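*Asks:* One structure, pasted below without further comment.
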Amino acid sequence: GDFFYSKKLIIATGLKDAMPDIKGFAECWGISVIHCPYCHGYEVRNERTGILGNGDYGFEFSRLVSNWTKDLALYTNGKSMLNVQQAEKLTKHNIPIVEKEIDGFQHTNGQIQTITFKDNSKIPITAIYARPQPTQHSEIASQLGCELTEQGRVKVDMSQQTNIPGVFLIRLPQFRNRPACVGVELDVLNRGGGSSRRRGIILRTTAELQQLMDVINNKKLLELTSSIEKVNPVQQ
């Protein structure tokens with residue numbers, strides 16, 4: 001192959017979603033297997049919906065999605081890791097916990113129809129929320145000897161340089177180490193021709209969505225709001 005020489009190298013290969021070993025998952029991903037209720041919740045509101053998850057994540061995500069539908073179940077794909085209190089809360093809100101191991105998703109052109117389990121039983125379903133784990137899209141960083149975190153992310157300093165001199169990383173692979181959300185303020189054109197200011201939140205990854213859920217569900221919203229007001233004090 002060709003050889004290229006440079007004093008500095010910027011790695012910008014990004015991340016990719018690692019699909020679980022469930023038949024039909026990849027074909028349904030982004031169509032009826034979805035990750036964000038704020039993006040897709042309205043489209044599948046009041047439909048028969050499932051959460052593919054376990055432990056704290058499965059519990060908190062079930063609580064969140066229950067705002068969009070009451071026909072909801074948590075599929076742990078094996079033994080539940082929820083504690084007694086979490087299981088009781090879901091049961092109280094009529095959210096069943098299904099511990100059967102999943103064999104696959106039956107679908108038509110990516111639209112899920114049923115969940116099939118390894119015991120050959122089936123459950124009809126319209127939508128599934130899931131959270132595939134992102135992994136490095138390329139092994140270049142590890143091949144160069146760049147230090148990785150326990151989660152498999154490339155470690156960088158404040159200048160985005162890795163532990164290898166001259167090797168830098170674009171921010172994309174580091175989203176999980178960033179704040180949960182980014183406040184933005186935009187000029188928006190009104191229908192009448194004028195403009196106005198709009199504030200909002202950008203969520204860039206499922207990890208950031210989870211962090212925002214933690215803030216809300218743990219009732220830290222007032223703390224978050226207080227910190228925002230300190231940065232952007234209201235003008236009297």
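Labeling convention for the structure tokens: chains A, B, ... as they appear, residues from 1 per chain, ligands from 1 in order of appearance.
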Fewer than 4 positions away in the same chain doesn't count, so skip those; otherwise give me all residues within 12 Å of A:Pro124, counting only C-alpha atoms, as a short mmCIF file (atom, residue, chain, number, x, y, z; two decimals) with N, CA, C and O atoms, in the first residue's frame.

*Replies:*
data_model
loop_
_atom_site.label_atom_id
_atom_site.label_comp_id
_atom_site.auth_asym_id
_atom_site.auth_seq_id
_atom_site.Cartn_x
_atom_site.Cartn_y
_atom_site.Cartn_z
N GLU A 47 -49.37 3.07 21.26
CA GLU A 47 -49.21 1.78 20.59
C GLU A 47 -48.61 0.76 21.57
O GLU A 47 -48.06 1.12 22.61
N ARG A 48 -48.72 -0.51 21.21
CA ARG A 48 -48.10 -1.55 22.03
C ARG A 48 -46.59 -1.43 21.88
O ARG A 48 -46.04 -1.66 20.81
N THR A 49 -45.93 -1.10 22.96
CA THR A 49 -44.52 -0.72 22.92
C THR A 49 -43.72 -1.53 23.92
O THR A 49 -44.21 -1.90 24.99
N GLY A 50 -42.47 -1.78 23.59
CA GLY A 50 -41.57 -2.49 24.47
C GLY A 50 -40.30 -1.71 24.73
O GLY A 50 -39.90 -0.86 23.92
N ASP A 71 -49.61 1.00 27.12
CA ASP A 71 -49.48 -0.40 26.67
C ASP A 71 -48.00 -0.70 26.53
O ASP A 71 -47.44 -0.74 25.43
N LEU A 72 -47.35 -0.90 27.66
CA LEU A 72 -45.89 -0.93 27.71
C LEU A 72 -45.41 -2.13 28.50
O LEU A 72 -46.01 -2.53 29.50
N ALA A 73 -44.29 -2.71 28.07
CA ALA A 73 -43.66 -3.83 28.79
C ALA A 73 -42.14 -3.67 28.71
O ALA A 73 -41.61 -3.12 27.74
N PHE A 105 -36.91 -10.67 16.08
CA PHE A 105 -38.06 -9.81 15.78
C PHE A 105 -38.60 -10.20 14.41
O PHE A 105 -37.87 -10.17 13.41
N GLN A 106 -39.87 -10.55 14.34
CA GLN A 106 -40.50 -10.78 13.05
C GLN A 106 -41.01 -9.44 12.54
O GLN A 106 -41.65 -8.68 13.29
N HIS A 107 -40.72 -9.13 11.28
CA HIS A 107 -41.04 -7.80 10.77
C HIS A 107 -41.38 -7.85 9.29
O HIS A 107 -41.13 -8.85 8.60
N GLN A 111 -40.68 -3.02 9.80
CA GLN A 111 -41.75 -2.73 10.75
C GLN A 111 -42.01 -3.97 11.59
O GLN A 111 -42.52 -4.97 11.09
N ILE A 112 -41.64 -3.91 12.85
CA ILE A 112 -41.75 -5.07 13.72
C ILE A 112 -43.20 -5.49 13.90
O ILE A 112 -44.10 -4.65 14.03
N GLN A 113 -43.43 -6.79 13.91
CA GLN A 113 -44.77 -7.35 14.09
C GLN A 113 -44.87 -8.11 15.41
O GLN A 113 -45.82 -7.93 16.16
N THR A 114 -43.90 -8.96 15.67
CA THR A 114 -43.91 -9.77 16.89
C THR A 114 -42.49 -9.96 17.42
O THR A 114 -41.52 -9.91 16.67
N ILE A 115 -42.42 -10.19 18.72
CA ILE A 115 -41.18 -10.63 19.36
C ILE A 115 -41.28 -12.14 19.52
O ILE A 115 -42.28 -12.64 20.05
N THR A 116 -40.27 -12.85 19.06
CA THR A 116 -40.25 -14.30 19.25
C THR A 116 -39.19 -14.63 20.30
O THR A 116 -38.08 -14.07 20.28
N PHE A 117 -39.54 -15.54 21.21
CA PHE A 117 -38.64 -15.91 22.29
C PHE A 117 -38.06 -17.30 22.04
O PHE A 117 -38.55 -18.06 21.22
N ILE A 128 -40.26 -0.92 19.54
CA ILE A 128 -39.32 -1.30 20.60
C ILE A 128 -38.30 -0.18 20.77
O ILE A 128 -37.71 0.30 19.79
#

*Asks:* Can you list, as JSON, numbers by chain, every protein, DNA or RNA residue that comes within 7 Å of A:Pro37 when you count only C-alpha atoms, leaving out same-chain residues fewer than 3 positions away?

*Replies:* {"A": [40, 41, 65]}

*Asks:* Stretch 28-185 of chain A: which residues are strand (DSSP E or B) by DSSP, as a PDB file with C-alpha atoms, in the first residue's frame?

*Replies:*
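Wrote part37.pdb, looks like this:
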ATOM      1  CA  TRP A  29     -33.246  -0.361  13.615  1.00  0.00           C
ATOM      2  CA  VAL A  33     -36.707  -0.336  16.806  1.00  0.00           C
ATOM      3  CA  ILE A  34     -35.982   3.181  17.998  1.00  0.00           C
ATOM      4  CA  THR A  49     -44.524  -0.716  22.919  1.00  0.00           C
ATOM      5  CA  GLY A  50     -41.569  -2.490  24.475  1.00  0.00           C
ATOM      6  CA  ILE A  51     -38.364  -1.443  26.193  1.00  0.00           C
ATOM      7  CA  LEU A  52     -35.332  -3.636  25.550  1.00  0.00           C
ATOM      8  CA  LEU A  72     -45.891  -0.928  27.706  1.00  0.00           C
ATOM      9  CA  ALA A  73     -43.657  -3.825  28.789  1.00  0.00           C
ATOM     10  CA  LEU A  74     -40.000  -4.145  29.777  1.00  0.00           C
ATOM     11  CA  TYR A  75     -38.093  -6.956  28.036  1.00  0.00           C
ATOM     12  CA  ILE A  97     -41.264  -7.340  33.221  1.00  0.00           C
ATOM     13  CA  VAL A  98     -40.643 -10.106  30.672  1.00  0.00           C
ATOM     14  CA  ILE A 102     -35.385 -13.095  22.848  1.00  0.00           C
ATOM     15  CA  ASP A 103     -34.762 -15.089  19.675  1.00  0.00           C
ATOM     16  CA  GLY A 104     -35.695 -12.422  17.146  1.00  0.00           C
ATOM     17  CA  PHE A 105     -38.055  -9.810  15.782  1.00  0.00           C
ATOM     18  CA  GLN A 106     -40.501 -10.780  13.047  1.00  0.00           C
ATOM     19  CA  HIS A 107     -41.042  -7.798  10.769  1.00  0.00           C
ATOM     20  CA  THR A 108     -42.198  -6.565   7.382  1.00  0.00           C
ATOM     21  CA  GLN A 111     -41.750  -2.729  10.754  1.00  0.00           C
ATOM     22  CA  ILE A 112     -41.750  -5.071  13.721  1.00  0.00           C
ATOM     23  CA  GLN A 113     -44.767  -7.352  14.090  1.00  0.00           C
ATOM     24  CA  THR A 114     -43.911  -9.767  16.886  1.00  0.00           C
ATOM     25  CA  ILE A 115     -41.181 -10.629  19.356  1.00  0.00           C
ATOM     26  CA  THR A 116     -40.252 -14.302  19.254  1.00  0.00           C
ATOM     27  CA  PHE A 117     -38.644 -15.910  22.288  1.00  0.00           C
ATOM     28  CA  LYS A 122     -44.529 -14.810  20.657  1.00  0.00           C
ATOM     29  CA  ILE A 123     -45.843 -11.389  21.624  1.00  0.00           C
ATOM     30  CA  PRO A 124     -47.268  -8.867  19.116  1.00  0.00           C
ATOM     31  CA  ALA A 127     -42.386  -0.509  18.518  1.00  0.00           C
ATOM     32  CA  ILE A 128     -39.322  -1.301  20.601  1.00  0.00           C
ATOM     33  CA  TYR A 129     -37.026   1.186  22.307  1.00  0.00           C
ATOM     34  CA  GLN A 133     -23.758   0.245  22.507  1.00  0.00           C
ATOM     35  CA  PRO A 134     -21.566   2.489  20.344  1.00  0.00           C
ATOM     36  CA  THR A 135     -18.077   1.237  19.523  1.00  0.00           C
ATOM     37  CA  GLN A 136     -15.115   2.710  17.704  1.00  0.00           C
ATOM     38  CA  LEU A 148      -8.573   3.863  25.924  1.00  0.00           C
ATOM     39  CA  VAL A 154     -10.098   7.129  23.283  1.00  0.00           C
ATOM     40  CA  GLN A 161      -4.587  15.175  21.946  1.00  0.00           C
ATOM     41  CA  VAL A 167      -2.237  12.258  17.400  1.00  0.00           C
ATOM     42  CA  PHE A 168      -5.505  14.123  17.983  1.00  0.00           C
ATOM     43  CA  LEU A 169      -9.138  13.098  18.054  1.00  0.00           C
ATOM     44  CA  VAL A 182     -26.165  21.626  25.175  1.00  0.00           C
ATOM     45  CA  GLY A 183     -28.294  24.713  25.588  1.00  0.00           C
ATOM     46  CA  VAL A 184     -28.729  26.624  22.343  1.00  0.00           C
ATOM     47  CA  GLU A 185     -30.230  29.952  21.443  1.00  0.00           C
TER      48      GLU A 185
END

*Asks:* I need the residues in stretch 32-169 of chain A that are alpha helix (DSSP H) according to DSSP; give them as a PyMOL selection string.

*Replies:* chain A and resi 37-40+55-65+84-92+140-143

*Asks:* Report the distance between atom CA of A:Lys100 and atom CA of A:Asn77 in Å, rounded to one decimal place.

*Replies:*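 That distance, rounded to one decimal, is 5.6 Å.
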
*Asks:* Can you pull out the residues contacting A:Glu99? Cut-off 6 Å, using only C-alpha atoms, and skip same-chain residues under 3 positions away; I want them as a short mmCIF file (atom, residue, chain, number, x, y, z; two decimals) with N, CA and C atoms, in the first residue's frame.

*Replies:*
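Result saved to out.cif:
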data_model
loop_
_atom_site.label_atom_id
_atom_site.label_comp_id
_atom_site.auth_asym_id
_atom_site.auth_seq_id
_atom_site.Cartn_x
_atom_site.Cartn_y
_atom_site.Cartn_z
N THR A 76 -36.27 -7.77 29.43
CA THR A 76 -34.91 -7.78 29.95
C THR A 76 -34.01 -8.76 29.20
N ASN A 77 -34.59 -9.60 28.33
CA ASN A 77 -33.82 -10.56 27.54
C ASN A 77 -32.95 -11.44 28.43
N GLY A 78 -33.56 -11.98 29.46
CA GLY A 78 -32.85 -12.78 30.44
C GLY A 78 -33.25 -12.34 31.84
N LYS A 79 -32.59 -12.85 32.84
CA LYS A 79 -32.94 -12.56 34.22
C LYS A 79 -32.93 -11.07 34.50
#

*Asks:* Between atom CA of A:Ile140 and atom CA of A:Ile170, measure the distance and give it in Å to one decimal.

*Replies:* 13.4 Å

*Asks:* Pick from A:Met19, A:Met158, A:Ile11, A:Ala130: nearest to A:Asn54, with only C-alpha atoms counted?

*Replies:*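 For A:Asn54, the nearest of the candidates is A:Ala130.
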